[in-house]
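Listing of start_32.txt; format and content: compact mmCIF, C-alpha atoms and all ligand atoms.
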```txt
# COMPACT_ATOMS: atom_id res chain seq x y z
CA MET A 61 64.07 88.36 60.22
CA PRO A 62 66.61 89.97 57.89
CA VAL A 63 70.37 89.48 58.30
CA ARG A 64 71.85 92.95 58.77
CA LYS A 65 74.52 94.99 60.58
CA ILE A 66 73.83 95.83 64.22
CA VAL A 67 75.85 97.05 67.20
CA LYS A 68 77.25 94.43 69.54
CA ILE A 69 78.14 95.43 73.11
CA ASP A 70 80.75 93.48 75.08
CA GLU A 71 79.49 93.81 78.66
CA GLU A 72 82.83 92.64 80.05
CA LYS A 73 84.55 95.63 78.47
CA CYS A 74 81.77 98.20 79.07
CA ASN A 75 82.43 100.50 82.03
CA GLY A 76 79.06 102.24 81.84
CA CYS A 77 80.53 105.65 81.03
CA GLY A 78 77.58 106.49 78.74
CA LEU A 79 79.62 108.16 76.01
CA CYS A 80 77.99 105.96 73.36
CA VAL A 81 74.46 107.11 74.20
CA ILE A 82 74.71 110.59 72.67
CA PRO A 83 76.21 109.79 69.21
CA CYS A 84 73.34 107.39 68.59
CA ALA A 85 70.84 109.68 66.87
CA GLU A 86 68.30 106.87 66.93
CA GLY A 87 68.25 106.55 70.73
CA ALA A 88 69.05 102.84 70.50
CA ILE A 89 71.53 102.73 73.42
CA GLU A 90 70.79 103.30 77.09
CA ILE A 91 72.73 102.56 80.26
CA VAL A 92 70.93 99.81 82.17
CA ASP A 93 72.35 98.60 85.50
CA GLY A 94 75.68 100.25 84.71
CA LYS A 95 76.09 98.72 81.25
CA ALA A 96 75.28 99.97 77.75
CA LYS A 97 72.41 98.13 76.13
CA VAL A 98 70.69 98.26 72.74
CA ILE A 99 67.23 98.77 74.19
CA ARG A 100 65.34 97.76 71.03
CA GLU A 101 67.14 96.26 68.08
CA GLU A 102 64.84 97.97 65.53
CA LEU A 103 66.30 101.32 66.72
CA CYS A 104 69.88 100.41 65.74
CA ASP A 105 70.72 101.07 62.09
CA GLY A 106 74.21 99.59 62.42
CA ALA A 107 75.91 102.79 61.22
CA GLY A 108 78.44 102.50 64.04
CA PHE A 109 78.87 106.17 64.99
CA CYS A 110 78.95 105.01 68.61
CA LEU A 111 82.09 102.86 68.06
CA GLY A 112 84.57 105.72 67.88
CA VAL A 113 83.62 107.26 71.23
CA CYS A 114 83.90 104.08 73.30
CA PRO A 115 87.08 104.27 75.41
CA THR A 116 87.19 100.54 76.10
CA GLY A 117 86.54 98.98 72.70
CA ALA A 118 83.30 97.44 73.95
CA LEU A 119 81.40 98.26 70.77
CA THR A 120 81.65 96.42 67.46
CA ILE A 121 79.36 95.86 64.51
CA GLU A 122 78.18 92.35 63.81
CA GLU A 123 76.08 90.93 61.01
CA ARG A 124 73.27 88.68 62.15
CA GLU A 125 69.52 88.12 62.10
CA ALA A 126 67.76 91.06 63.76
CA PRO A 127 64.48 92.95 63.46
CA ALA A 128 64.57 95.40 60.55
CA PHE A 129 65.57 98.99 61.35
CA SER A 130 62.41 101.08 61.89
CA GLU A 131 62.23 104.85 61.21
CA GLU A 132 58.82 104.84 62.92
CA ALA A 133 60.22 103.35 66.12
CA VAL A 134 63.05 105.92 66.07
CA ALA A 135 60.58 108.82 65.64
CA GLU A 136 58.54 107.52 68.56
CA ILE A 137 61.48 107.15 70.95
CA THR A 138 63.27 110.40 70.02
CA LYS A 139 60.28 112.77 70.00
CA ASP A 140 60.68 113.73 73.67
CA GLN A 141 64.48 113.76 73.81
CA THR A 142 66.20 116.95 74.91
CA THR A 143 68.72 118.67 72.65
CA SER A 144 71.68 118.37 75.05
CA TYR A 145 74.65 116.52 73.56
CA ILE A 146 78.37 116.00 73.89
CA ILE A 147 80.41 117.85 71.25
CA GLN A 148 82.28 115.40 69.03
CA LYS A 149 85.91 116.10 68.12
CA CYS A 150 88.17 115.38 65.14
CA PHE A 151 90.30 112.34 65.99
CA SER A 152 93.32 113.92 64.29
CA CYS A 153 93.52 117.55 65.47
CA GLY A 154 90.90 117.63 68.22
CA ALA A 155 88.80 120.39 66.62
CA GLY A 156 85.23 120.17 67.85
CA GLU A 157 82.03 120.40 65.87
CA ASP A 158 81.48 123.76 67.55
CA ARG A 159 84.35 125.09 65.36
CA GLY A 160 83.28 123.59 62.05
CA ALA A 161 81.77 120.59 60.33
CA ILE A 162 83.09 117.15 61.19
CA PHE A 163 82.39 113.97 59.27
CA PRO A 164 82.08 110.31 60.26
CA CYS A 165 84.63 107.96 58.75
CA ARG A 166 85.87 104.42 59.16
CA LEU A 167 89.58 103.76 59.62
CA LYS A 168 91.29 100.48 60.49
CA GLY A 169 88.12 99.04 61.99
CA GLU A 170 87.20 102.14 63.98
CA SER A 171 84.40 104.68 63.53
CA LEU A 172 85.90 108.15 63.90
CA TRP A 173 85.04 111.79 63.36
CA VAL A 174 87.30 113.90 61.14
CA CYS A 175 87.19 117.65 60.42
CA ALA A 176 87.31 119.25 56.96
CA LYS A 177 90.96 120.27 57.43
CA CYS A 178 92.17 116.77 58.31
CA LEU A 179 89.97 114.88 55.84
CA PRO A 180 92.24 115.60 52.80
CA LYS A 181 95.18 114.04 54.67
CA LEU A 182 93.15 110.85 55.04
CA ILE A 183 92.17 110.86 51.37
CA HIS A 184 95.57 111.75 49.89
CA GLY A 185 97.89 110.46 52.59
S1 LIG A 201 81.08 104.11 75.47
FE1 LIG A 201 81.78 101.96 75.69
S2 LIG A 201 82.33 101.76 77.86
FE2 LIG A 201 81.08 103.64 77.70
S3 LIG A 201 78.95 102.93 78.10
FE3 LIG A 201 79.25 102.83 75.88
S4 LIG A 201 79.91 100.70 75.48
FE4 LIG A 201 80.18 101.09 77.68
```

For this file, produce the structure as structure tokens.
Ligand code: SF4
Amino acid sequence: MPVRKIVKIDEEKCNGCGLCVIPCAEGAIEIVDGKAKVIREELCDGAGFCLGVCPTGALTIEEREAPAFSEEAVAEITKDQTTSYIIQKCFSCGAGEDRGAIFPCRLKGESLWVCAKCLPKLIHG
């Protein structure tokens, strides 16, 4: 098995709110018995877009041996998913993706979304 980045879920911290399920475009996370779980490791690409929405800090990225990420497995699991989703918001000004494009970024160990207006402040300070 390759060594690669993959999401780690701290069950002690997870409150089962489900906010991390939607940002995962690959469908890797489900709520099982009130806790978030990576249902199949080959579905998690380790991008970490779920980290920024977790209110409890239960999600981190670790590097370890895991089955390789599989586009085929993702296509299989996401083919019947509905299109409902929770609108993501800019961490800085709160503008939602319904008002304009937002972009994923990493800042001080967190995965966050930032809008086009606030992005230059991050780049230039
Ligand atoms: S967002 Fe965090 S607290 Fe909520 S279900 Fe996911 S891991 Fe648990």

Requested in this report: Using all atoms listed in the file, find each protein or nucleic acid residue lying at most 8 Å from ligand LIG 201 (chain A); present the set as a list in words.
Outcome: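 So the residues close to ligand LIG 201 (chain A) are Ile69, Asp70, Glu71, Lys73, Cys74, Asn75, Gly76, Cys77, Gly78, Leu79, Cys80, Val81, Ile91, Gly94, Lys95, Ala96, Lys97, Cys110, Leu111, Val113, Cys114, Pro115, Thr116, Gly117, Ala118 and Leu119 of chain A.
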
Report task. Considering only C-alpha atoms, return as a ChimeraX atom specification whatever protein or nucleic-acid residues lie within 7 Å of segment 170-178 of chain A, sequence-local ones (same chain, fewer than 3 positions apart) excluded. Result -> /A:108-109,111-112,149-152,155,161-167,181-182

**Report entry** Selected residue, from A:Cys104, A:Ile121, A:Arg159, A:Ile82, that lies nearest to Lys68 of chain A when counting only C-alpha atoms
**Finding:** A:Ile121

Query raised in the report: Please, what distance in Å, to one decimal, runs between atom CA of Lys65 of chain A and atom CA of Glu123 of chain A?
Result: 4.4 Å

Query - Distance in Å - atom CA of Glu90 of chain A versus atom CA of Val134 of chain A - result: 13.7 Å

Query - Given all atoms listed in the file as the counted atoms, nearest of A:Thr120, A:Val67, A:Pro83, A:His184 to Arg100 of chain A - result: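 With all atoms listed in the file as the atom set, the closest residue is A:Val67.
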
Query - d(atom CA of Val63 of chain A, atom CA of Val92 of chain A) in Å - result: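 For atom CA of Val63 of chain A relative to atom CA of Val92 of chain A, the distance reads 26.0 Å.
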
Query raised in the report: Taking into account all atoms listed in the file, which residue in the set A:Glu125, A:Glu72, A:Met61, A:Gly87 is nearest to Thr138 of chain A?
Result: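 Nearest to Thr138 of chain A: A:Gly87.
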